[in-house]
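What follows is a short report on a single structure.
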Amino acid sequence: MKIEILVDEKATDLSISITCKQLTPDIEKILATLRMMNHQLMAKKNDETYLLDITQVIYIESVDRKCFIYTSDEMYESDFRLYELEQQLEEYGFFRVSKSFLIHLQNVQSLKAEINRKIRITMSNGEQIIASRQYADELKKRLGVV
């Protein structure tokens with residue numbers, strides 16, 4: 001792989017060009033990462049690729065090494081691992097609440113204390129997610145309920 005960077009003081013917009021023999025999963029991952037910078041997530045459903053606005057995402061779940069992205073009315077699959085999505089989406093209000101869940105804090109509807117310092121989170125779509133005690137204190141701090 002060869003990477004070229006051209007600094008042009010007269011440039012008015014950022015332009016990224018990828019030249020390749022064929023579109024590979026690695027190149028699709030690079031494109032997905034670039035789209036995240038533009039507040040979009042690349043996700044798949046029924047052999048189609050969708051560009052989701054990050055604000056549409058309610059939560060992300062990892063099951064059997066696959067990540068599923070949930071919006072208010074649909075579920076999509078991502079090629080990224082949960083830790084990769086966590087790193088890329090943290091600055092946009094996403095927070096990891098357990099080994100398997102990453103939630104969008106703006107879509108939290110309510111919190112309820114559970115046994116052993118766990119927290120039951122009800123999301124805006126009605127789904128309930130359990131925050132493990134490892135993440136509970138930071139979750140409350142992020143939501144300003146401490």
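In the structure tokens, chains take the letters A, B, ... in the order shown, each chain's residues start at 1, and ligands count up from 1 in the order shown.
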Task: DSSP strand (DSSP E) residues within segment 59-110 of chain A, as JSON, numbers by chain - done: {"A": [59, 60, 61, 62, 63, 66, 67, 68, 69, 70, 75, 76, 77, 78, 94, 95, 96, 101, 102, 103, 104, 108, 109, 110]}
Selected residues written out with C-alpha atoms, as a JSON list (two decimals), in the first residue's frame:
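The resulting again_13.json:
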[["chain", "number", "residue", "atom", "x", "y", "z"],
["A", 59, "TYR", "CA", -27.33, 1.38, 20.64],
["A", 60, "ILE", "CA", -24.86, -1.17, 19.32],
["A", 61, "GLU", "CA", -24.69, -4.79, 20.47],
["A", 62, "SER", "CA", -21.95, -7.37, 20.04],
["A", 63, "VAL", "CA", -23.08, -10.99, 19.67],
["A", 66, "LYS", "CA", -20.56, -9.56, 15.21],
["A", 67, "CYS", "CA", -21.82, -6.04, 15.87],
["A", 68, "PHE", "CA", -25.43, -5.06, 15.35],
["A", 69, "ILE", "CA", -26.51, -1.43, 15.08],
["A", 70, "TYR", "CA", -30.01, -0.58, 16.26],
["A", 75, "MET", "CA", -31.23, -3.43, 12.82],
["A", 76, "TYR", "CA", -28.04, -3.41, 10.75],
["A", 77, "GLU", "CA", -24.75, -5.29, 10.89],
["A", 78, "SER", "CA", -21.31, -3.67, 11.08],
["A", 94, "PHE", "CA", -21.62, 6.91, 22.82],
["A", 95, "PHE", "CA", -20.67, 5.03, 25.98],
["A", 96, "ARG", "CA", -19.84, 1.40, 26.67],
["A", 101, "PHE", "CA", -23.26, -2.96, 24.59],
["A", 102, "LEU", "CA", -22.43, 0.54, 23.44],
["A", 103, "ILE", "CA", -25.25, 3.05, 23.92],
["A", 104, "HIS", "CA", -25.93, 6.51, 22.54],
["A", 108, "VAL", "CA", -31.38, 7.05, 27.30],
["A", 109, "GLN", "CA", -34.96, 7.31, 28.52],
["A", 110, "SER", "CA", -34.61, 6.10, 32.12]]
List every residue of segment 6-124 of chain A that DSSP, applied to the backbone of this structure, assigns to helix (DSSP H, G or I), and report them as a VMD selection string. chain A and resid 25 to 37 54 to 56 82 to 92 105 to 107 115 to 117
task: Determine, counting only C-alpha atoms, which protein, DNA and RNA residues have an atom within 9 Å of an atom of Asn125 of chain A; residues of the same chain fewer than 4 positions away are not included. Present the result as a PyMOL selection string.
output: chain A and resi 58+71-73+107+109
What would the file look like if the residues just selected were written as an mmCIF file, in the first residue's frame with N, CA and C atoms?
data_model
loop_
_atom_site.group_PDB
_atom_site.id
_atom_site.type_symbol
_atom_site.label_atom_id
_atom_site.label_comp_id
_atom_site.auth_asym_id
_atom_site.auth_seq_id
_atom_site.Cartn_x
_atom_site.Cartn_y
_atom_site.Cartn_z
ATOM 1 N N ILE A 58 -29.340 4.131 18.215
ATOM 2 C CA ILE A 58 -29.770 4.105 19.612
ATOM 3 C C ILE A 58 -28.754 3.323 20.445
ATOM 4 N N THR A 71 -31.403 1.128 15.279
ATOM 5 C CA THR A 71 -32.037 2.441 15.176
ATOM 6 C C THR A 71 -33.454 2.279 15.734
ATOM 7 N N SER A 72 -34.267 3.292 15.637
ATOM 8 C CA SER A 72 -35.619 3.192 16.202
ATOM 9 C C SER A 72 -36.464 2.112 15.543
ATOM 10 N N ASP A 73 -36.189 1.799 14.271
ATOM 11 C CA ASP A 73 -37.043 0.830 13.590
ATOM 12 C C ASP A 73 -36.304 -0.262 12.812
ATOM 13 N N ASN A 107 -30.056 8.880 23.784
ATOM 14 C CA ASN A 107 -31.252 8.054 23.628
ATOM 15 C C ASN A 107 -31.632 7.303 24.898
ATOM 16 N N GLN A 109 -33.652 6.836 28.055
ATOM 17 C CA GLN A 109 -34.957 7.315 28.522
ATOM 18 C C GLN A 109 -35.035 7.291 30.042
#
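With only C-alpha atoms as the basis for measurement, A:Glu74 is the residue among A:Glu74, A:Asp64, A:Gln22, A:Glu127 that approaches Asn46 of chain A most closely.
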Counting only C-alpha atoms, closest pick from A:Ser100, A:Gln40, A:Thr49, A:Gln88 relative to Tyr135 of chain A is A:Ser100
